[in-house]
$ cat my_file12.cif   # mmCIF, C-alpha atoms and all ligand atoms
data_work
#
loop_
_atom_site.label_atom_id
_atom_site.label_comp_id
_atom_site.auth_asym_id
_atom_site.auth_seq_id
_atom_site.Cartn_x
_atom_site.Cartn_y
_atom_site.Cartn_z
CA MET A 1 84.56 116.51 94.19
CA MET A 2 83.42 114.58 97.20
CA HIS A 3 83.32 115.74 100.72
CA HIS A 4 83.48 113.57 103.72
CA GLU A 5 81.97 116.03 106.16
CA ASP A 6 78.94 113.84 105.71
CA THR A 7 80.66 111.17 107.71
CA ALA A 8 78.34 108.26 108.07
CA ALA A 9 78.30 105.55 110.63
CA VAL A 10 80.87 102.84 110.50
CA ASP A 11 79.41 99.43 109.95
CA GLN A 12 81.21 96.40 111.14
CA ASP A 13 80.80 93.33 109.00
CA THR A 14 81.59 90.67 111.53
CA ARG A 15 81.76 87.91 108.95
CA THR A 16 84.70 89.42 107.16
CA GLY A 17 86.20 91.70 109.76
CA TRP A 18 85.81 94.53 107.26
CA GLU A 19 84.47 97.83 108.36
CA TRP A 20 82.78 99.98 105.84
CA ALA A 21 82.31 103.67 105.99
CA ARG A 22 79.29 104.45 103.86
CA ALA A 23 79.42 101.08 102.22
CA ASP A 24 76.07 99.39 102.28
CA ASP A 25 74.02 102.36 101.20
CA TRP A 26 76.62 103.71 98.84
CA GLN A 27 75.46 105.08 95.48
CA PRO A 28 77.62 106.66 92.82
CA PRO A 29 77.32 110.41 93.38
CA SER A 30 75.84 112.42 90.58
CA GLU A 31 79.25 114.02 90.08
CA LEU A 32 80.60 110.69 88.86
CA ASP A 33 81.38 111.32 85.24
CA THR A 34 82.62 108.27 83.43
CA GLY A 35 83.36 110.46 80.41
CA ILE A 36 86.33 111.99 82.21
CA PRO A 37 89.43 109.81 82.37
CA HIS A 38 90.08 109.05 86.01
CA THR A 39 93.59 108.50 87.39
CA ALA A 40 92.57 105.36 89.31
CA ARG A 41 90.96 103.74 86.28
CA MET A 42 93.80 104.71 83.94
CA TYR A 43 96.17 103.07 86.41
CA ASP A 44 93.91 100.02 86.49
CA TYR A 45 94.21 99.85 82.70
CA TYR A 46 98.03 100.02 82.88
CA LEU A 47 97.91 97.09 85.30
CA GLY A 48 95.77 95.06 82.93
CA GLY A 49 92.61 95.48 85.01
CA LYS A 50 89.12 95.74 83.58
CA ASP A 51 87.61 98.25 85.96
CA ASN A 52 87.79 101.15 83.53
CA PHE A 53 85.60 103.00 81.05
CA GLU A 54 86.12 104.00 77.44
CA ALA A 55 87.41 107.48 78.34
CA ASP A 56 89.91 105.96 80.77
CA ARG A 57 91.11 103.48 78.17
CA GLN A 58 91.57 106.12 75.50
CA ALA A 59 93.58 108.38 77.77
CA ALA A 60 95.61 105.43 79.09
CA GLN A 61 96.36 104.24 75.56
CA ALA A 62 97.53 107.74 74.61
CA ALA A 63 99.75 107.81 77.67
CA ILE A 64 101.20 104.38 76.81
CA ALA A 65 101.83 105.53 73.24
CA ALA A 66 103.87 108.43 74.64
CA TYR A 67 105.51 106.31 77.27
CA PRO A 68 105.44 102.60 76.38
CA ALA A 69 107.01 101.55 79.67
CA LEU A 70 103.97 102.75 81.65
CA PRO A 71 102.41 99.30 82.24
CA LEU A 72 105.76 98.01 83.42
CA LEU A 73 106.16 101.10 85.58
CA ALA A 74 102.74 100.52 87.14
CA ARG A 75 103.61 96.90 87.94
CA THR A 76 106.98 97.97 89.33
CA ASN A 77 105.20 100.50 91.52
CA ARG A 78 102.84 97.81 92.84
CA GLN A 79 105.82 95.60 93.62
CA PHE A 80 107.50 98.46 95.48
CA LEU A 81 104.30 98.93 97.46
CA GLY A 82 104.30 95.26 98.40
CA ARG A 83 107.95 95.26 99.47
CA ALA A 84 107.53 98.43 101.51
CA VAL A 85 104.43 97.13 103.32
CA GLU A 86 106.19 93.85 104.02
CA PHE A 87 109.18 95.77 105.34
CA ALA A 88 107.07 97.98 107.63
CA ALA A 89 105.08 95.00 108.93
CA GLY A 90 108.35 93.14 109.45
CA ARG A 91 109.52 96.04 111.59
CA GLY A 92 106.49 95.62 113.81
CA ILE A 93 104.15 98.26 112.37
CA ARG A 94 100.55 97.05 112.66
CA GLN A 95 98.59 100.06 111.36
CA PHE A 96 98.50 101.18 107.73
CA VAL A 97 96.79 104.25 106.31
CA ASP A 98 96.94 103.91 102.53
CA ILE A 99 95.86 107.17 100.87
CA GLY A 100 95.29 106.97 97.11
CA THR A 101 94.51 103.27 97.31
CA GLY A 102 93.73 102.51 93.70
CA ILE A 103 91.28 99.89 92.50
CA PRO A 104 92.09 96.75 94.47
CA THR A 105 94.31 94.30 92.70
CA VAL A 106 96.57 91.43 93.66
CA GLY A 107 99.09 92.41 96.31
CA SER A 108 96.97 95.11 97.96
CA THR A 109 98.15 96.60 101.23
CA ASN A 110 95.77 94.56 103.40
CA GLU A 111 96.76 91.33 101.70
CA VAL A 112 100.47 91.90 102.21
CA ALA A 113 100.27 93.41 105.69
CA GLN A 114 97.86 90.79 107.03
CA ARG A 115 99.92 87.98 105.54
CA VAL A 116 102.85 89.15 107.66
CA ALA A 117 100.73 90.13 110.65
CA PRO A 118 97.09 88.95 110.69
CA ASP A 119 96.30 91.59 113.32
CA ALA A 120 97.42 94.45 111.06
CA ARG A 121 94.79 97.16 110.62
CA VAL A 122 94.46 98.84 107.25
CA VAL A 123 92.51 101.96 106.37
CA TYR A 124 92.15 102.79 102.70
CA VAL A 125 91.43 106.38 101.64
CA ASP A 126 90.58 107.36 98.08
CA ASN A 127 88.52 110.07 96.46
CA ASP A 128 87.27 107.90 93.61
CA PRO A 129 83.83 106.40 94.32
CA ILE A 130 84.61 103.57 91.91
CA VAL A 131 87.60 102.60 94.02
CA ALA A 132 85.35 102.30 97.09
CA THR A 133 82.78 100.23 95.21
CA HIS A 134 85.37 97.85 93.88
CA ALA A 135 87.12 97.67 97.21
CA ARG A 136 83.86 96.40 98.63
CA ALA A 137 82.99 94.11 95.76
CA LEU A 138 86.41 92.56 95.30
CA LEU A 139 87.57 92.35 98.86
CA ALA A 140 84.45 91.67 100.87
CA GLY A 141 85.20 87.97 100.88
CA HIS A 142 88.67 88.52 102.22
CA PRO A 143 89.45 86.48 105.30
CA ALA A 144 89.30 88.09 108.71
CA GLY A 145 91.50 91.06 109.28
CA HIS A 146 90.62 94.62 109.98
CA THR A 147 90.30 96.74 106.85
CA SER A 148 88.16 99.79 106.24
CA VAL A 149 87.61 102.18 103.38
CA ILE A 150 87.10 105.93 103.57
CA GLU A 151 86.01 108.05 100.67
CA ALA A 152 87.93 111.27 101.16
CA ASP A 153 90.22 113.69 99.44
CA LEU A 154 93.90 113.94 100.25
CA ARG A 155 93.64 117.69 99.69
CA ASP A 156 91.72 117.90 102.94
CA PRO A 157 93.97 115.97 105.34
CA GLU A 158 92.25 117.26 108.49
CA ALA A 159 89.01 115.67 107.34
CA ILE A 160 90.79 112.34 106.84
CA LEU A 161 92.24 112.57 110.34
CA ARG A 162 88.82 113.46 111.80
CA HIS A 163 87.01 110.67 109.99
CA PRO A 164 85.33 108.27 112.45
CA ALA A 165 86.41 105.24 110.44
CA LEU A 166 90.03 106.30 110.87
CA GLY A 167 89.53 106.90 114.57
CA ALA A 168 87.84 103.51 114.92
CA ALA A 169 90.71 101.61 113.33
CA ILE A 170 93.87 103.55 114.02
CA ASP A 171 95.45 104.43 117.35
CA LEU A 172 97.60 107.44 116.57
CA SER A 173 99.61 107.01 119.74
CA GLN A 174 101.09 103.87 118.13
CA PRO A 175 103.29 103.65 115.00
CA VAL A 176 101.53 103.92 111.65
CA ALA A 177 102.73 103.37 108.12
CA LEU A 178 101.39 106.35 106.20
CA MET A 179 101.24 105.40 102.53
CA LEU A 180 101.22 107.97 99.76
CA VAL A 181 102.11 105.71 96.86
CA ALA A 182 101.79 107.20 93.38
CA VAL A 183 99.27 109.78 94.54
CA LEU A 184 101.12 113.00 95.40
CA HIS A 185 101.83 113.65 91.74
CA PHE A 186 98.10 114.37 91.43
CA ILE A 187 98.33 117.24 93.92
CA ARG A 188 99.60 120.60 92.77
CA ASP A 189 101.92 122.88 94.73
CA GLU A 190 99.13 125.49 94.74
CA GLU A 191 96.92 122.97 96.52
CA GLY A 192 99.49 122.81 99.31
CA ALA A 193 101.09 119.43 98.56
CA GLN A 194 103.90 119.96 101.08
CA GLN A 195 101.60 121.27 103.80
CA ILE A 196 99.19 118.35 103.31
CA VAL A 197 101.93 115.81 103.89
CA ARG A 198 103.28 117.80 106.86
CA THR A 199 99.81 117.79 108.45
CA LEU A 200 99.64 114.01 108.13
CA ARG A 201 103.25 113.45 109.21
CA GLU A 202 102.85 115.53 112.32
CA VAL A 203 100.20 113.31 113.89
CA LEU A 204 102.32 110.18 113.57
CA ALA A 205 103.83 108.56 116.65
CA PRO A 206 107.56 107.80 116.87
CA GLY A 207 108.41 104.61 115.01
CA SER A 208 106.00 105.44 112.19
CA ALA A 209 106.91 105.11 108.53
CA LEU A 210 106.18 107.10 105.40
CA ILE A 211 105.89 104.97 102.25
CA LEU A 212 105.90 107.19 99.23
CA SER A 213 106.43 106.96 95.48
CA HIS A 214 106.18 109.80 93.01
CA GLY A 215 106.36 110.40 89.26
CA SER A 216 109.54 112.15 88.30
CA PRO A 217 110.78 113.76 85.11
CA ASP A 218 114.37 112.94 86.11
CA PHE A 219 114.46 109.77 84.03
CA ALA A 220 112.27 110.74 81.08
CA SER A 221 112.97 112.75 77.99
CA ARG A 222 111.59 116.27 77.98
CA GLU A 223 109.15 115.30 75.25
CA SER A 224 107.66 112.25 76.96
CA ALA A 225 107.37 114.08 80.28
CA ALA A 226 105.56 116.94 78.53
CA GLU A 227 103.29 114.53 76.68
CA GLY A 228 102.40 112.67 79.89
CA THR A 229 101.52 115.95 81.57
CA ARG A 230 99.45 116.98 78.56
CA ILE A 231 97.40 113.76 78.58
CA TYR A 232 96.55 114.09 82.27
CA ARG A 233 95.44 117.69 81.75
CA SER A 234 92.04 116.40 80.64
CA ALA A 235 91.90 113.72 83.35
CA SER A 236 90.35 113.92 86.81
CA ALA A 237 93.62 115.28 88.21
CA PRO A 238 96.64 116.87 86.57
CA LEU A 239 99.97 115.06 86.62
CA VAL A 240 102.63 116.97 88.52
CA LEU A 241 105.99 115.34 87.89
CA ARG A 242 108.48 116.44 90.53
CA PRO A 243 112.23 116.14 90.32
CA ARG A 244 114.13 114.62 93.25
CA ALA A 245 114.48 118.00 94.95
CA GLY A 246 110.69 118.39 94.89
CA VAL A 247 110.03 114.95 96.39
CA GLU A 248 112.61 114.88 99.17
CA PRO A 249 110.91 117.58 101.30
CA PHE A 250 107.80 115.36 101.64
CA PHE A 251 109.79 113.24 104.07
CA GLY A 252 110.44 116.16 106.44
CA ASP A 253 112.72 115.03 109.23
CA PHE A 254 111.99 111.33 108.71
CA GLU A 255 115.13 109.21 108.34
CA PHE A 256 115.51 107.24 105.14
CA VAL A 257 115.87 103.49 105.46
CA GLY A 258 117.67 101.21 103.06
CA PRO A 259 118.84 102.86 99.91
CA GLY A 260 116.64 105.92 100.59
CA LEU A 261 114.90 107.77 97.80
CA VAL A 262 115.69 105.77 94.66
CA GLN A 263 114.05 104.47 91.50
CA LEU A 264 111.38 101.92 92.36
CA PRO A 265 113.17 98.68 91.45
CA LEU A 266 116.23 99.73 93.43
CA TRP A 267 114.36 99.93 96.73
CA ARG A 268 115.22 96.66 98.46
CA PRO A 269 114.66 94.37 95.50
CA THR A 270 114.13 90.75 96.44
CA ALA A 271 114.40 87.50 94.56
CA GLY A 272 110.71 87.05 95.26
CA HIS A 273 109.94 89.61 92.62
CA LEU A 274 111.46 87.75 89.73
CA ARG A 275 109.25 88.04 86.73
CA THR A 276 108.00 84.52 86.45
CA THR A 277 104.48 85.82 86.05
CA GLU A 278 105.43 87.62 82.85
CA LEU A 279 105.92 84.46 80.87
CA PRO A 280 103.17 83.99 78.30
CA GLU A 281 100.17 82.34 79.82
CA GLY A 282 99.64 78.68 79.17
CA LEU A 283 102.96 77.29 80.34
CA ALA A 284 102.22 75.51 83.57
CA PHE A 285 104.98 75.47 86.13
CA ASP A 286 105.50 75.75 89.83
CA HIS A 287 106.17 79.48 90.41
CA HIS A 288 107.19 78.97 94.00
CA ALA A 289 109.76 76.33 93.06
CA VAL A 290 111.21 78.53 90.31
CA ARG A 291 111.53 81.50 92.67
CA TYR A 292 113.11 79.30 95.28
CA GLY A 293 115.54 77.86 92.74
CA ALA A 294 116.40 81.28 91.31
CA ALA A 295 117.17 82.56 94.79
CA THR A 296 119.17 79.58 96.05
CA HIS A 297 120.74 77.80 93.07
CA ASP A 298 124.21 79.25 93.77
CA ILE A 299 124.11 78.70 97.51
CA GLY A 300 126.96 76.17 97.23
CA LYS A 301 129.29 79.10 96.61
CA VAL A 302 129.13 79.68 100.33
CA VAL A 303 131.14 76.48 100.58
CA HIS A 304 133.22 77.26 97.49
CA PRO A 305 133.71 81.02 97.52
CA GLU A 306 136.44 80.79 94.91
CA GLU A 307 133.65 80.02 92.42
CA LEU A 308 131.98 83.35 93.15
CA SER A 309 134.31 85.06 90.74
CA GLY A 310 136.12 82.13 89.14
CA PRO A 311 135.08 79.06 87.14
CA GLY A 312 134.14 75.75 88.71
CA SER A 313 131.21 73.49 89.41
CA ALA A 314 132.08 72.16 92.86
CA HIS A 315 129.41 74.50 94.28
CA GLU A 316 126.65 72.54 92.56
CA PRO A 317 126.74 69.27 94.52
CA ALA A 318 127.87 71.22 97.60
CA GLY A 319 124.81 73.49 97.42
CA HIS A 320 122.49 70.52 96.96
CA ALA A 321 124.05 68.77 99.95
CA LEU A 322 123.81 71.93 102.04
CA LEU A 323 120.09 72.40 101.35
CA SER A 324 119.28 68.70 101.73
CA ALA A 325 121.08 68.58 105.07
CA ARG A 326 118.79 71.36 106.26
CA GLY A 327 115.69 69.44 105.32
CA VAL A 328 114.85 71.28 102.09
CA PRO A 329 112.80 68.85 99.98
CA GLU A 330 114.42 67.43 96.89
CA GLU A 331 112.05 69.23 94.50
CA LEU A 332 113.48 72.53 95.77
CA ALA A 333 117.04 71.53 96.66
CA ARG A 334 117.58 70.01 93.19
CA PHE A 335 118.10 73.38 91.51
CA ALA A 336 121.42 73.87 93.28
CA ARG A 337 122.57 70.76 91.41
CA THR A 338 120.73 71.12 88.08
CA HIS A 339 120.96 74.79 87.18
CA ALA A 340 123.93 74.35 84.86
CA SER A 341 122.85 71.11 83.18
CA TRP A 342 119.67 71.79 81.26
CA GLY A 343 120.54 69.23 78.56
CA GLU A 344 120.18 66.21 80.87
CA PRO A 345 117.28 63.81 80.37
CA GLY A 346 114.41 64.46 82.76
CA THR A 347 115.01 68.23 82.86
CA THR A 348 111.77 69.89 83.97
CA THR A 349 110.31 73.24 82.95
CA GLU A 350 111.18 74.49 86.43
CA ASP A 351 114.83 73.45 85.89
CA LEU A 352 114.94 75.30 82.58
CA LEU A 353 113.44 78.47 84.06
CA VAL A 354 115.85 78.53 86.99
CA SER A 355 118.75 78.13 84.53
CA LEU A 356 117.27 80.88 82.40
CA ALA A 357 116.92 83.20 85.39
CA ASP A 358 120.55 82.50 86.27
CA LYS A 359 121.59 83.75 82.81
CA ALA A 360 118.98 86.49 82.32
CA TRP A 361 119.84 88.57 85.37
CA LYS A 362 123.32 89.20 83.95
CA ASN A 363 122.04 89.48 80.36
CA GLN A 364 123.77 86.33 79.20
CA ARG A 365 121.92 84.88 76.25
CA VAL A 366 122.30 81.12 75.71
CA ARG A 367 120.72 79.97 72.50
CA ASP A 368 120.44 76.28 73.35
CA LEU A 369 118.76 76.98 76.69
CA GLU A 370 116.36 79.53 75.18
CA ASP A 371 115.45 77.10 72.39
CA ARG A 372 114.38 74.53 74.94
CA VAL A 373 112.18 77.07 76.73
CA VAL A 374 110.72 78.25 73.42
CA GLU A 375 109.87 74.68 72.51
CA ARG A 376 107.90 74.23 75.73
CA LEU A 377 106.24 77.62 75.39
CA ALA A 378 105.14 76.86 71.84
CA ALA A 379 103.82 73.45 72.81
CA ALA A 380 101.92 74.79 75.82
CA THR A 381 100.39 77.82 74.13
CA GLY A 382 99.80 76.42 70.64
CA ARG A 383 101.78 79.31 69.25
CA GLU A 384 104.28 79.17 66.43
CA ARG A 385 107.83 78.74 67.63
CA TRP A 386 108.81 82.12 66.23
CA GLU A 387 105.99 83.79 68.12
CA ALA A 388 107.01 82.10 71.33
CA PHE A 389 110.60 83.11 70.64
CA LEU A 390 109.64 86.75 70.09
CA ALA A 391 107.71 86.86 73.35
CA LEU A 392 110.58 85.30 75.26
CA ASP A 393 113.16 87.45 73.53
CA ASP A 394 111.22 90.59 74.40
CA LEU A 395 111.07 89.56 78.06
CA LEU A 396 114.77 88.64 78.20
CA THR A 397 115.75 91.87 76.48
CA ARG A 398 113.81 93.90 79.02
CA ILE A 399 115.29 91.99 81.93
CA GLY A 400 118.75 92.28 80.34
CA GLU A 401 118.52 96.05 79.99
CA ASP A 402 118.86 96.36 83.72
CA ALA A 403 121.82 93.98 83.95
CA PRO A 404 124.56 96.65 84.01
CA ARG A 405 122.99 98.14 87.11
CA ARG A 406 122.75 94.77 88.84
CA LEU A 407 126.31 93.83 87.90
CA ALA A 408 127.58 97.23 89.08
CA LEU A 409 125.76 96.75 92.37
CA GLN A 410 127.35 93.33 92.77
CA ALA A 411 130.81 94.69 91.88
CA ALA A 412 130.37 97.44 94.45
CA HIS A 413 129.80 94.84 97.17
CA PRO A 414 132.57 92.26 96.75
CA VAL A 415 132.25 89.20 98.96
CA ARG A 416 135.21 88.90 101.28
CA THR A 417 136.13 85.58 102.71
CA GLY A 418 138.89 84.43 105.02
CA ARG A 419 140.69 83.17 101.95
CA ASN A 420 141.10 86.43 100.03
C1 LIG B 1 98.08 105.79 90.40
S1 LIG B 1 96.87 105.28 91.56
C2 LIG B 1 97.92 104.57 92.81
C3 LIG B 1 97.29 103.42 93.53
C4 LIG B 1 98.15 102.77 94.61
N1 LIG B 1 98.53 103.70 95.64
C5 LIG B 1 99.39 102.19 93.98
O1 LIG B 1 100.43 102.84 94.03
O2 LIG B 1 99.34 101.09 93.40
C6 LIG B 1 96.40 106.82 92.29
C7 LIG B 1 95.22 106.73 93.22
O3 LIG B 1 95.11 107.96 93.93
C8 LIG B 1 93.76 108.35 93.96
N2 LIG B 1 93.70 109.81 94.09
C9 LIG B 1 94.05 110.73 93.18
N3 LIG B 1 93.88 111.96 93.69
C10 LIG B 1 93.40 111.80 94.95
C11 LIG B 1 93.01 112.70 95.98
N4 LIG B 1 93.07 114.01 95.80
N5 LIG B 1 92.57 112.19 97.14
C12 LIG B 1 92.50 110.86 97.34
N6 LIG B 1 92.85 109.96 96.40
C13 LIG B 1 93.29 110.42 95.22
C14 LIG B 1 93.17 107.85 92.67
O4 LIG B 1 91.76 107.69 92.75
C15 LIG B 1 93.91 106.52 92.53
O5 LIG B 1 93.19 105.50 93.15
#

$ encode --input "my_file12.cif" --output "structure tokens" --more "lines below"
Ligand SMILES: C[S@@+](CC[C@H](N)C(=O)[O-])C[C@H]1O[C@@H](n2cnc3c(N)ncnc32)[C@H](O)[C@@H]1O
Amino acid sequence: MMHHEDTAAVDQDTRTGWEWARADDWQPPSELDTGIPHTARMYDYYLGGKDNFEADRQAAQAAIAAYPALPLLARTNRQFLGRAVEFAAGRGIRQFVDIGTGIPTVGSTNEVAQRVAPDARVVYVDNDPIVATHARALLAGHPAGHTSVIEADLRDPEAILRHPALGAAIDLSQPVALMLVAVLHFIRDEEGAQQIVRTLREVLAPGSALILSHGSPDFASRESAAEGTRIYRSASAPLVLRPRAGVEPFFGDFEFVGPGLVQLPLWRPTAGHLRTTELPEGLAFDHHAVRYGAATHDIGKVVHPEELSGPGSAHEPAGHALLSARGVPEELARFARTHASWGEPGTTTEDLLVSLADKAWKNQRVRDLEDRVVERLAAATGRERWEAFLALDDLLTRIGEDAPRRLALQAAHPVRTGRN
């Protein structure tokens, strides 16, 4: 266990805008034992990272065997983190304290926050020395923006608050987003989990936010929850799954925004998180265009609301005209017109994927459309058609599993127009 009483000077790297607490002279402490599976490196393995050791991989593989959805869960958690940071930054918060940072990966807090607000200040806190090393190695070249890393333990919140690197970056009289994402389930009740969060909450100025996610047994079978807990028993921290009633008190008297405490994908999902990146590698396409098309292809229904719940294709040219009139370039506006006609000559991969997204979200399987995507996948990856089909089918099945929830959500929010 590390202690941060030995607070070292804060170095400012003026080239990158990064400040490093104990960075340049950092050495792995002798306590670092790569033979013990570490929560950060197991999580890195779930995310497909390579910053993990044999012991981490073995424990992570055992956890995945017990709970095959773990890699998906880890990605979903990262996406939640991104949406929540974007939301907080969008609400004007400019200071982020991310405790239990994890090994840096795409979509890290500083990346998201500083994309929205380049002046956002981010302080990372983690008790894994490997996290700090990688944070430095992977992110040192990051463009200007104020980000610092503190090696400290969440179980000693006063020490985090006293740390000079925190004081140097964060003005506690101004709003802060305190982030405890997928970390509190490594703190036991006996270690004072509730008191720790209260201590941190209490120093926050009005207008601050608490971004929190937590492992819960509420959605798992008894057996898989027990197995997950068993696997983490030999890891660097035990896994403490808490039911809803155990998580809610962490928020104290904070008001919930949006849908409140819900399963990760239900917290303000956006079209931007469509799973275009899950398609097998090798198929080149414009991800931005596909996301744009998936989000806007039905926009013509604004003009033809009767087609929201009834048949009709008048919304297609209307949507195209609407986007074009607002200066949207043809390569993006086209999807409003093409999303239902994938058999036309000149149909691009982007067209096919937008059409596929249109069907997949409601779990509608269209053989002809899928065949065309499979053909392109097979050609691009050199795989057999059946292999490409299996990969696509697996993806569509997983996306489809969630369709009843999406359709129920849509049914619960009927669109009212002047005409009905
Ligand atoms: C599952 S990862 C979550 C990473 C990131 N917050 C996310 O959600 O993507 C948990 C992280 O918490 C860190 N961690 C675990 N126990 C901790 C503690 N007592 N103090 C500080 N960090 C801790 C681990 O090192 C790891 O980086």

$ closest_atom_pairs --input "my_file12.cif" --of "chain A" --to "ligand LIG 1 (chain B)" --cutoff "8 Å" --atoms "all atoms listed in the file" --output "Markdown table"
| residue | atom | partner | partner_atom | distance |
| --- | --- | --- | --- | --- |
| A:His38 | CA | B:LIG1 | O4 | 7.1 |
| A:Thr39 | CA | B:LIG1 | C14 | 5.3 |
| A:Ala40 | CA | B:LIG1 | C15 | 3.7 |
| A:Arg41 | CA | B:LIG1 | O5 | 7.4 |
| A:Met42 | CA | B:LIG1 | C1 | 7.8 |
| A:Tyr43 | CA | B:LIG1 | C1 | 5.2 |
| A:Asp44 | CA | B:LIG1 | S1 | 7.9 |
| A:Ala74 | CA | B:LIG1 | O2 | 7.1 |
| A:Asn77 | CA | B:LIG1 | O1 | 5.9 |
| A:Arg78 | CA | B:LIG1 | O2 | 4.8 |
| A:Leu81 | CA | B:LIG1 | O1 | 6.5 |
| A:Asp98 | CA | B:LIG1 | N1 | 7.1 |
| A:Ile99 | CA | B:LIG1 | N6 | 6.1 |
| A:Gly100 | CA | B:LIG1 | O3 | 3.3 |
| A:Thr101 | CA | B:LIG1 | N1 | 4.4 |
| A:Gly102 | CA | B:LIG1 | O5 | 3.1 |
| A:Ile103 | CA | B:LIG1 | O5 | 6.0 |
| A:Ser108 | CA | B:LIG1 | O2 | 7.9 |
| A:Val125 | CA | B:LIG1 | C12 | 6.3 |
| A:Asp126 | CA | B:LIG1 | N6 | 3.8 |
| A:Asn127 | CA | B:LIG1 | C12 | 4.2 |
| A:Asp128 | CA | B:LIG1 | O4 | 4.6 |
| A:Val131 | CA | B:LIG1 | O5 | 6.4 |
| A:Glu151 | CA | B:LIG1 | C12 | 7.8 |
| A:Ala152 | CA | B:LIG1 | C12 | 6.0 |
| A:Asp153 | CA | B:LIG1 | N5 | 3.6 |
| A:Leu154 | CA | B:LIG1 | N5 | 3.8 |
| A:Arg155 | CA | B:LIG1 | N4 | 5.4 |
| A:Met179 | CA | B:LIG1 | N1 | 7.6 |
| A:Leu180 | CA | B:LIG1 | N1 | 6.5 |
| A:Val181 | CA | B:LIG1 | N1 | 4.3 |
| A:Ala182 | CA | B:LIG1 | O1 | 4.6 |
| A:Val183 | CA | B:LIG1 | O3 | 4.6 |
| A:Leu184 | CA | B:LIG1 | N3 | 7.5 |
| A:Phe186 | CA | B:LIG1 | N3 | 5.4 |
| A:Ile187 | CA | B:LIG1 | N4 | 6.5 |
| A:Ser213 | CA | B:LIG1 | O1 | 7.4 |
| A:Ser236 | CA | B:LIG1 | N3 | 8.0 |
| A:Ala237 | CA | B:LIG1 | N3 | 6.4 |

$ residues_around --input "my_file12.cif" --residues "His339 of chain A" --least-positions-apart "3" --cutoff "7 Å" --atoms "only C-alpha atoms" --output "ChimeraX atom specification"
/A:297,335-336,342,351,354-355

$ atom_distance --input "my_file12.cif" --atom1 "atom CA of Val149 of chain A" --atom2 "atom CA of Gln194 of chain A"
24.2 Å

$ residues_near_point --input "my_file12.cif" --point "(112.1, 76.8, 92.4)" --cutoff "10 Å" --atoms "only C-alpha atoms" --output "list in words"
Phe285, Asp286, His287, His288, Ala289, Val290, Arg291, Tyr292, Gly293, Ala294, Ala295, Thr296, His297, Glu331, Leu332, Ala333, Arg334, Phe335, Ala336, Glu350, Asp351, Leu353 and Val354 of chain A

$ atom_distance --input "my_file12.cif" --atom1 "atom CA of Ile196 of chain A" --atom2 "atom CA of Glu158 of chain A"
8.7 Å

$ closest_residue --input "my_file12.cif" --among "A:Gly246, A:Gly310, A:Gly192, A:Gly300" --to "Arg337 of chain A" --atoms "only C-alpha atoms"
A:Gly300

$ closest_residue --input "my_file12.cif" --among "A:Leu390, A:Trp267, A:Asp402, A:Ser341" --to "Leu369 of chain A" --atoms "all atoms listed in the file"
A:Ser341

$ atom_distance --input "my_file12.cif" --atom1 "atom CA of Val373 of chain A" --atom2 "atom CA of Phe389 of chain A"
8.7 Å

$ closest_residue --input "my_file12.cif" --among "A:Leu409, A:Ala55, A:Arg398, A:Glu370" --to "Leu72 of chain A" --atoms "all atoms listed in the file"
A:Arg398

$ closest_residue --input "my_file12.cif" --among "A:Pro269, A:Arg222, A:Gly400, A:Gln58" --to "Lys359 of chain A" --atoms "all atoms listed in the file"
A:Gly400

$ closest_residue --input "my_file12.cif" --among "A:Glu190, A:Asp368, A:Asp253, A:Glu202" --to "Val176 of chain A" --atoms "all atoms listed in the file"
A:Glu202

$ closest_residue --input "my_file12.cif" --among "A:Thr349, A:Thr338, A:Ser224, A:Asn110" --to "Ile64 of chain A" --atoms "all atoms listed in the file"
A:Ser224

$ residues_near_point --input "my_file12.cif" --point "(124.2, 70.8, 101.4)" --cutoff "12 Å" --atoms "all atoms listed in the file" --output "VMD selection string"
chain A and resid 296 to 304 314 to 330 333 to 337

$ decode --input "my_file12.cif" --residues "segment 50-71 of chain A" --atoms "C-alpha atoms" --output "tab-separated table (two decimals), in the first residue's frame"
chain	number	residue	atom	x	y	z
A	50	LYS	CA	-2.00	-4.55	-23.24
A	51	ASP	CA	-0.82	-2.95	-20.02
A	52	ASN	CA	-1.28	-6.07	-17.92
A	53	PHE	CA	0.75	-8.98	-16.58
A	54	GLU	CA	0.20	-12.73	-16.66
A	55	ALA	CA	-1.49	-12.79	-13.23
A	56	ASP	CA	-3.85	-10.01	-14.31
A	57	ARG	CA	-4.72	-11.83	-17.53
A	58	GLN	CA	-5.41	-15.11	-15.77
A	59	ALA	CA	-7.71	-13.52	-13.22
A	60	ALA	CA	-9.43	-11.44	-15.92
A	61	GLN	CA	-9.96	-14.50	-18.09
A	62	ALA	CA	-11.50	-16.36	-15.14
A	63	ALA	CA	-13.78	-13.40	-14.49
A	64	ILE	CA	-14.81	-13.29	-18.17
A	65	ALA	CA	-15.49	-17.03	-18.10
A	66	ALA	CA	-17.87	-16.45	-15.17
A	67	TYR	CA	-19.32	-13.33	-16.68
A	68	PRO	CA	-18.82	-13.18	-20.47
A	69	ALA	CA	-20.33	-9.71	-20.76
A	70	LEU	CA	-17.48	-8.16	-18.73
A	71	PRO	CA	-15.56	-6.67	-21.69
